[in-house]
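Asks: Input: one structure, supplied below.
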Amino acid sequence: MSSARRNQTKRSLEPFSALSVGGAVVLMLAVLSGAVLALRPVERRDSTQFWTFTRMHAAIYEPAIERWNAERPGQKLEMTVFSIPALERRTMSSFLARTAMAELLEVDRTIAQRTFGGPLEDIGFVDLTDRLAAEGLLDAINPPSFSAWTSRGRIFGIPHDVHPVMLAYRADLVEAAGIDLSHVETWDDFFAAMRPLMTDADGDGEPDRYLLNFWETHVESIETLLLQAGGGFFDAQGRPIIASDANARALAKLASWIGGPTRVAGDAPDFTASGNALKLNGYVASCLMPDWMCDIFQKEIPQLSGKLKLMPLPAFERGGRRTSVWGGSMLGISRTAADVEQCWQAAKHLYLSPELARQLYEDGDIISPVRSNWSDPIYDSPDPYFCGQAKGRMYIELADDIPPRPSSPFTLLARARVQEALMATAQRARVEPAPSIAELEAEARSRLAAADRAVRAAMARNRFHAQVLETSP
Amino acid sequence: MRPRSTTLAAWSLLAPFLLLFIVFTAYPIVRSLVLSTQQTFGPGTTVFVGTSNYRAIFDDPLFYKALLNTSIFTAGSVFIQLPLSLGLAMLLNRPDIRGRAFFRVIFFAPSLVGLVFVAMIFSLLLEKRTGLVNQVLHSWTGFPLDFPWMQQYAMGALIVAALWMYVGFNMVYFLAALQNVSPELDEAAQIDGAGPWQRFLNVTLPAIAPVGGFVVLLSIIGSFQLFELPWIMFQGPGYDNRALTVVMYLFQAGFEVGDLGYASAVGWILALILIGAALVQRAASRSHA
């Protein structure tokens with residue numbers, strides 16, 4: 001280096017001489033750590049990543065993953081469990097930023113629907129429709145179970161479950177009161193038969209027990225019951241059907257259950273300690289029970305063992321549907337997956353095997369959506385928690401009849417608006433003098449029409465969903 | 001003229017801050033402004049929509065409900081919580097009080113607990129049927145066990161929960177300000193015949209006004225950013241959206257519906273409200289000075 005050049009460098013560094021020793025150390029550390037971070041090689045994974053959101057599911061998959069890894073040493077599968085919010089954030093961030101993520105994703109309905117907002121080619125999951133059709137899986141898997149994972153006629157996930165809903169009632173209380181539920185067909189029959197249980201033991205003028213666990217704050221139950229009644233939020237094409245007759249009739253009935261002189265339902269919220277205490281104390285004599293909830297009850301309220309029995313849901317009208325659907329998850333393949341074929345094989349290995357179906361029922365009381373698995377005798381085993389009933393077989397007998405739940409990115413909005421409609425109708429039911437069911441139905445109809453308009457307005461702003469509004473049913 | 005080497009060194013020293021500021025502050029601000037003029041359709045598609053997001057917000061009755069709820073909470077913070085904080089601070093500032101440090105810790109302690117914990121405690125306390133409040137009222141007065149406090153008085157429940165948490169926190173600011181009020185001035189006013197109320201109005205209040213203004217501004221900003229407390233207490237916007245706040249409305253639009261453009265527009269409206277509050281506070285403190 002020439003002396004002129006050296007002098008120039010020295011001059012350019014002169015201002016740094018004002019730095020104290022500490023300052024110089026901090027500066028040096030900053031430069032060094034920055035350089036290390038910048039130069040550190042990015043770790044490359046040679047395994048297929050699989051994200052799921054419950055420990056119960058993960059425990060079931062572990063042996064299957066071990067088997068897969070032993071049989072295919074070059075196609076290692078690695079599973080990570082996240083909480084639902086964490087999985088939701090990571091999935092959506094990755095889809096938004098188009099960055100790499102897990103190749104296989106097990107997600108619930110809320111996450112899946114949120115990814116369906118844009119054009120089909122932008123959905124972050126691989127379209128599995130043709131693969132499912134080519135391998136005969138569209139018939140092998142219970143058909144209504146695909147509806148939640150379908151957008152504009154294309155399927156983006158393998159269903160994990162069926163989740164039929166039954167009614168669990170307090171057999172100990174019912175039998176002690178000499179009530180016979182064998183002839184119950186409709187909700188009206190059920191409440192009439194159970195009425196003797198709605199007593200006011202402490203004499204405060206209010207019943208100490210209600211006949212059903214249902215309230216206007218139970219958003220999932222509202223949707224479940226509307227679907228059972230033949231209503232719901234969207235039709236198969238994604239058009240809102242919120243203002244349908246079936247919804248209006250059902251909503252009026254639900255409002256009459258929670259408000260006014262015909263009130264039969266009480267609020268014992270699910271998944272809370274206080275709600276569990278109320279269920280245990282017999283504050284509510286029955287509750288909606290999807291298959292997965294059986295496992296939750298057994299773990300959270302073991303004291304109810306031998307006190308509950310299951311029956312098909314009473315219908316809204318004679319000859320009506322005796323079940324509904326609640327919850328669900330799917331396994332999808334991320335579009336960023338390098339080897340979609342390998343992921344497809346892994347997905348089938350995880351979701352479709354008879355061993356896994358058996359495990360799913362043993363550990364989580366969940367019915368497999370694969371129809372050929374339904375002949376497994378495990379579903380006939382009596383469950384002491386439910387007074388020895390073979391609940392697996394009872395759920396399977398209802399599985400064919402679960403209502404489809406067409407998927408839409410506007411489901412959360414629709415759900416919130418319908419809940420508001422129920423709140424308003426229930427308020428009307430609580431006003432004196434008590435309105436007739438016809439008056440409640442008129443109120444429900446008007447509230448649902450407003451809800452329908454709000455959802456349509458939101459859809460009209462989305463150019464990929466607005467066009468379905470112009471098509472006729 | 002500044003030597004070139006000095007300029008180079010200055011830029012070198014500024015570079016880390018500038019880089020972080022540009023990447024994490026300036027760019028997101030500009031990007032969110034651009035985003036507020038776009039609509040996001042699902043994860044990967046955005047379309048320019050001009051002021052449509054802003055118009056849609058102002059057409060949405062739910063936004064006004066969120067704004068009203070947030071304003072009620074803010075009013076509760078400013079007009080209930082802060083006077084109580086000041087009252088507690090004045091009590092603890094009395095020269096004859098013993099164990100001042102102990103009480104200061106006791107009153108300050110709830111703010112160390114954390115929002116999630118406070119939300120859980122209050123949701124359990126106010127639960128209908130099994131909640132402590134209804135149980136106690138029922139056993140004393142026959143009050144209905146099923147009275148739904150959190151449904152009927154969502155904002156009231158939030159104000160009470162926030163009061164318990166923050167009253168001691170704000171008290172510390174007021175206590176520090178009160179300890180700087182000149183005792184000579186107070187004594188002079190007392191000699192001149194001023195009563196306690198007059199001394200408070202004419203001596204104490206003007207002396208602590210700068211701190212008071214600052215605490216009011218912090219309180220308004222914090223209240224308008226209310227999110228975690230109702231989100232955990234009510235598991236969402238609550239019955240009939242009675243606990244819906246502006247930030248929750250933003251969160252729902254951006255992260256539940258997936259319309260980040262709409263959420264950005266809500267964010268800018270919120271920012272303008274807060275900037276307005278800051279300007280008003282500044283003008284008020286200048287006119288006072």
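Convention: chains lettered A, B, ... in structure tokens order; per-chain residue numbering from 1; ligands numbered from 1 as shown.
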Show which residues sit within 10 Å of Gly320 (chain A), as a PyMOL selection string. Count only C-alpha atoms, and ignore same-chain residues fewer than 4 positions away.

Replies: chain A and resi 185-186+228-230+314-316

Asks: Kindly assemble as JSON lines a list of the region 233-333 of chain A residues that lie within 12 Å of region 96-106 of chain A, each paired with its nearest atom pair and their distance in Å to one decimal, using only C-alpha atoms, sorted first by chain and then by ascending residue number.

Replies:
{"residue": "A:Gly328", "atom": "CA", "partner": "A:Glu106", "partner_atom": "CA", "distance": 10.4}
{"residue": "A:Ser329", "atom": "CA", "partner": "A:Glu106", "partner_atom": "CA", "distance": 6.7}
{"residue": "A:Met330", "atom": "CA", "partner": "A:Glu106", "partner_atom": "CA", "distance": 5.5}
{"residue": "A:Leu331", "atom": "CA", "partner": "A:Glu106", "partner_atom": "CA", "distance": 4.4}
{"residue": "A:Gly332", "atom": "CA", "partner": "A:Leu105", "partner_atom": "CA", "distance": 5.3}
{"residue": "A:Ile333", "atom": "CA", "partner": "A:Leu104", "partner_atom": "CA", "distance": 4.8}

Asks: Would you output that residue set with N, CA and C atoms, as a CSV table (one decimal), in the first residue's frame?

Replies:
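As a result, result23.csv now contains:
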chain,number,residue,atom,x,y,z
A,328,GLY,N,-63.8,-30.5,13.0
A,328,GLY,CA,-63.2,-31.2,11.8
A,328,GLY,C,-61.8,-30.7,11.5
A,329,SER,N,-61.0,-31.6,10.9
A,329,SER,CA,-59.7,-31.1,10.4
A,329,SER,C,-59.3,-31.9,9.1
A,330,MET,N,-58.3,-31.4,8.4
A,330,MET,CA,-57.9,-32.0,7.2
A,330,MET,C,-56.4,-32.1,7.1
A,331,LEU,N,-55.9,-32.9,6.2
A,331,LEU,CA,-54.5,-32.9,5.9
A,331,LEU,C,-54.3,-32.4,4.5
A,332,GLY,N,-53.5,-31.3,4.4
A,332,GLY,CA,-53.3,-30.7,3.1
A,332,GLY,C,-51.8,-30.7,2.8
A,333,ILE,N,-51.5,-30.6,1.5
A,333,ILE,CA,-50.1,-30.5,1.0
A,333,ILE,C,-49.8,-29.1,0.6

Asks: Quick one: residues within 10 Å of Ala390 (chain A), only C-alpha atoms counted, chain neighbours fewer than 3 positions away excluded, as a VMD selection string?

Replies: chain A and resid 310 378 to 384 386 to 387 393 to 395

Asks: Using only C-alpha atoms and a distance of at most 10 Å, pull out the residues of chain B that contact chain A, as JSON, numbers by chain.

Replies: {"B": [3, 4, 5, 6, 7, 8, 9, 10, 12, 13, 16, 39, 40, 41, 42, 43, 44, 45, 46, 47, 49, 52, 53, 56, 60, 124, 127, 128, 129, 130, 131, 142, 143, 144, 145, 146, 151, 237, 238, 239, 240, 241, 252, 253, 255, 256, 257, 258, 259]}

Asks: What would the file look like if the residues just selected were written as a CSV table (one decimal), in the first residue's frame with N, CA and C atoms?

Replies:
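Just written: part.csv:
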chain,number,residue,atom,x,y,z
B,3,PRO,N,-14.9,17.8,6.4
B,3,PRO,CA,-14.1,16.8,5.7
B,3,PRO,C,-14.8,15.6,5.3
B,4,ARG,N,-14.4,15.0,4.1
B,4,ARG,CA,-15.2,13.8,3.6
B,4,ARG,C,-15.1,12.6,4.6
B,5,SER,N,-13.9,12.5,5.3
B,5,SER,CA,-13.7,11.4,6.2
B,5,SER,C,-14.7,11.5,7.3
B,6,THR,N,-14.9,12.7,7.8
B,6,THR,CA,-15.9,12.9,8.9
B,6,THR,C,-17.3,12.5,8.5
B,7,THR,N,-17.7,12.9,7.3
B,7,THR,CA,-19.0,12.5,6.8
B,7,THR,C,-19.1,11.0,6.7
B,8,LEU,N,-18.1,10.4,6.2
B,8,LEU,CA,-18.1,8.9,6.0
B,8,LEU,C,-18.3,8.2,7.4
B,9,ALA,N,-17.5,8.7,8.4
B,9,ALA,CA,-17.7,8.2,9.7
B,9,ALA,C,-19.1,8.4,10.3
B,10,ALA,N,-19.6,9.6,10.1
B,10,ALA,CA,-20.9,9.9,10.6
B,10,ALA,C,-22.0,8.9,10.0
B,12,SER,N,-21.3,6.0,8.7
B,12,SER,CA,-21.1,4.7,9.2
B,12,SER,C,-21.7,4.4,10.6
B,13,LEU,N,-21.6,5.4,11.4
B,13,LEU,CA,-22.2,5.3,12.8
B,13,LEU,C,-23.7,5.4,12.7
B,16,PRO,N,-26.4,1.7,11.2
B,16,PRO,CA,-27.2,0.7,11.8
B,16,PRO,C,-28.6,1.1,12.2
B,39,GLN,N,-57.1,-4.2,-1.8
B,39,GLN,CA,-57.8,-5.2,-1.1
B,39,GLN,C,-57.1,-6.5,-1.3
B,40,THR,N,-57.0,-7.3,-0.2
B,40,THR,CA,-56.3,-8.6,-0.3
B,40,THR,C,-57.3,-9.7,-0.4
B,41,PHE,N,-57.2,-10.5,-1.5
B,41,PHE,CA,-58.1,-11.6,-1.7
B,41,PHE,C,-57.3,-12.9,-1.3
B,42,GLY,N,-57.4,-13.3,-0.1
B,42,GLY,CA,-56.7,-14.5,0.3
B,42,GLY,C,-55.2,-14.2,0.4
B,43,PRO,N,-54.4,-15.3,0.4
B,43,PRO,CA,-53.0,-15.1,0.8
B,43,PRO,C,-52.2,-14.3,-0.3
B,44,GLY,N,-52.5,-14.5,-1.6
B,44,GLY,CA,-51.5,-14.0,-2.5
B,44,GLY,C,-51.9,-12.9,-3.5
B,45,THR,N,-53.2,-12.4,-3.4
B,45,THR,CA,-53.7,-11.5,-4.5
B,45,THR,C,-54.1,-10.2,-3.9
B,46,THR,N,-53.6,-9.1,-4.5
B,46,THR,CA,-54.0,-7.8,-4.0
B,46,THR,C,-54.4,-7.0,-5.2
B,47,VAL,N,-55.5,-6.1,-5.0
B,47,VAL,CA,-56.0,-5.3,-6.1
B,47,VAL,C,-56.1,-3.9,-5.6
B,49,VAL,N,-57.8,-0.5,-4.8
B,49,VAL,CA,-59.2,-0.2,-4.7
B,49,VAL,C,-59.4,1.3,-4.3
B,52,SER,N,-61.8,2.8,-1.3
B,52,SER,CA,-62.9,1.9,-1.1
B,52,SER,C,-62.9,1.3,0.3
B,53,ASN,N,-61.7,1.0,0.8
B,53,ASN,CA,-61.6,0.4,2.2
B,53,ASN,C,-62.1,1.4,3.2
B,56,ALA,N,-65.8,1.7,3.0
B,56,ALA,CA,-66.5,0.5,3.6
B,56,ALA,C,-66.4,0.6,5.1
B,60,ASP,N,-69.7,0.8,7.8
B,60,ASP,CA,-70.0,-0.4,8.6
B,60,ASP,C,-70.4,-0.1,10.0
B,124,LEU,N,-63.5,-15.1,35.7
B,124,LEU,CA,-64.0,-16.1,36.6
B,124,LEU,C,-64.9,-15.4,37.7
B,127,GLU,N,-68.4,-14.6,36.1
B,127,GLU,CA,-69.1,-15.7,35.5
B,127,GLU,C,-70.5,-15.8,36.1
B,128,LYS,N,-71.5,-16.0,35.3
B,128,LYS,CA,-72.8,-16.2,35.9
B,128,LYS,C,-72.9,-17.6,36.5
B,129,ARG,N,-73.7,-17.7,37.5
B,129,ARG,CA,-73.9,-18.9,38.3
B,129,ARG,C,-72.7,-19.4,39.1
B,130,THR,N,-71.6,-19.5,38.5
B,130,THR,CA,-70.4,-20.0,39.4
B,130,THR,C,-69.5,-18.9,39.8
B,131,GLY,N,-69.7,-17.7,39.3
B,131,GLY,CA,-68.7,-16.6,39.6
B,131,GLY,C,-68.9,-16.1,41.0
B,142,GLY,N,-80.3,-12.6,47.5
B,142,GLY,CA,-81.2,-13.3,46.6
B,142,GLY,C,-81.0,-12.9,45.2
B,143,PHE,N,-80.0,-12.1,44.9
B,143,PHE,CA,-79.7,-11.7,43.5
B,143,PHE,C,-79.6,-12.9,42.6
B,144,PRO,N,-80.2,-12.7,41.4
B,144,PRO,CA,-80.3,-13.9,40.5
B,144,PRO,C,-78.9,-14.4,40.1
B,145,LEU,N,-78.7,-15.7,40.3
B,145,LEU,CA,-77.4,-16.4,40.1
B,145,LEU,C,-77.0,-16.3,38.6
B,146,ASP,N,-78.1,-16.2,37.7
B,146,ASP,CA,-77.8,-16.3,36.3
B,146,ASP,C,-77.6,-14.9,35.7
B,151,GLN,N,-72.3,-10.1,29.8
B,151,GLN,CA,-73.1,-9.9,28.6
B,151,GLN,C,-73.7,-8.5,28.7
B,237,PRO,N,-65.3,-10.7,20.7
B,237,PRO,CA,-65.9,-9.4,20.8
B,237,PRO,C,-67.1,-9.5,21.8
B,238,GLY,N,-67.3,-10.6,22.4
B,238,GLY,CA,-68.4,-10.7,23.4
B,238,GLY,C,-69.8,-10.7,22.9
B,239,TYR,N,-70.7,-10.8,23.8
B,239,TYR,CA,-72.1,-10.9,23.5
B,239,TYR,C,-72.6,-9.6,22.7
B,240,ASP,N,-73.1,-9.8,21.5
B,240,ASP,CA,-73.6,-8.7,20.7
B,240,ASP,C,-72.6,-7.7,20.4
B,241,ASN,N,-71.3,-8.1,20.3
B,241,ASN,CA,-70.2,-7.2,20.0
B,241,ASN,C,-70.0,-6.1,21.1
B,252,GLN,N,-59.8,-8.6,13.5
B,252,GLN,CA,-60.7,-9.5,12.9
B,252,GLN,C,-60.7,-9.3,11.3
B,253,ALA,N,-60.6,-8.1,10.9
B,253,ALA,CA,-60.5,-7.8,9.5
B,253,ALA,C,-59.3,-8.4,8.9
B,255,PHE,N,-56.8,-10.6,10.3
B,255,PHE,CA,-56.3,-11.9,10.6
B,255,PHE,C,-57.4,-13.0,10.7
B,256,GLU,N,-58.7,-12.6,10.7
B,256,GLU,CA,-59.7,-13.6,10.7
B,256,GLU,C,-60.4,-13.6,9.3
B,257,VAL,N,-60.7,-12.4,8.8
B,257,VAL,CA,-61.3,-12.4,7.4
B,257,VAL,C,-60.1,-12.5,6.4
B,258,GLY,N,-59.0,-12.0,6.7
B,258,GLY,CA,-57.8,-12.1,5.8
B,258,GLY,C,-57.7,-10.9,4.9
B,259,ASP,N,-58.4,-9.8,5.2
B,259,ASP,CA,-58.3,-8.6,4.3
B,259,ASP,C,-57.3,-7.6,4.9

Asks: Please identify all polymer residues within 7 Å of Val162 (chain A), counting only C-alpha atoms, omitting same-chain residues fewer than 4 positions from it, and present them as an NGL selection string.

Replies: :A and (145 or 367-369 or 399)

Asks: Could you give me, as a ChimeraX atom specification, each residue of region 36-276 of chain B that DSSP assigns to alpha helix (DSSP H) when run on this structure's backbone?

Replies: /B:52-59,61-76,82-92,100-108,110-113,115-125,132-141,149-152,154-178,183-191,196-199,205-224,228-233,246-251,260-276

Asks: Using only C-alpha atoms, determine which residues lie at most 12 Å from His183 (chain A), disregarding the query and same-chain residues fewer than 4 positions distant; provide the list as a PDB file with C-alpha atoms, in the first residue's frame.

Replies:
ATOM      1  CA  ILE A 179     -88.697 -40.849  32.124  1.00  0.00           C
ATOM      2  CA  TRP A 187     -86.992 -31.778  19.980  1.00  0.00           C
ATOM      3  CA  ASP A 188     -90.553 -30.999  21.096  1.00  0.00           C
ATOM      4  CA  ASP A 189     -91.005 -34.665  22.141  1.00  0.00           C
ATOM      5  CA  PHE A 190     -87.711 -34.547  23.997  1.00  0.00           C
ATOM      6  CA  ALA A 192     -91.990 -32.614  26.785  1.00  0.00           C
ATOM      7  CA  ALA A 193     -90.649 -35.919  28.108  1.00  0.00           C
ATOM      8  CA  MET A 311     -79.115 -40.938  21.575  1.00  0.00           C
ATOM      9  CA  PRO A 312     -79.501 -39.548  18.056  1.00  0.00           C
ATOM     10  CA  PRO A 314     -84.092 -35.290  18.173  1.00  0.00           C
ATOM     11  CA  ARG A 318     -90.940 -35.606  12.246  1.00  0.00           C
TER      12      ARG A 318
END

Asks: Excluding same-chain residues fewer than 5 positions from Glu135 (chain A), what lies within 12 Å of it counting only C-alpha atoms, as a ChimeraX atom specification?

Replies: /A:128-130,140-141,344-345,348

Asks: Identify, on the basis of only C-alpha atoms, every residue whose closest approach to region 82-96 of chain B does not exceed 12 Å; exclude the query and any residue fewer than 3 positions from it along the same chain; express the result as an MDAnalysis selection string.

Replies: chainID B and resid 74:79 99:108 159 162:181 183 196 200 204:205 208:209 211:220

Asks: Between CA of Ala168 (chain A) and CA of Lys391 (chain A), what is the distance, to one decimal in Å?

Replies: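 Separating CA of Ala168 (chain A) from CA of Lys391 (chain A) is a distance of 10.7 Å.
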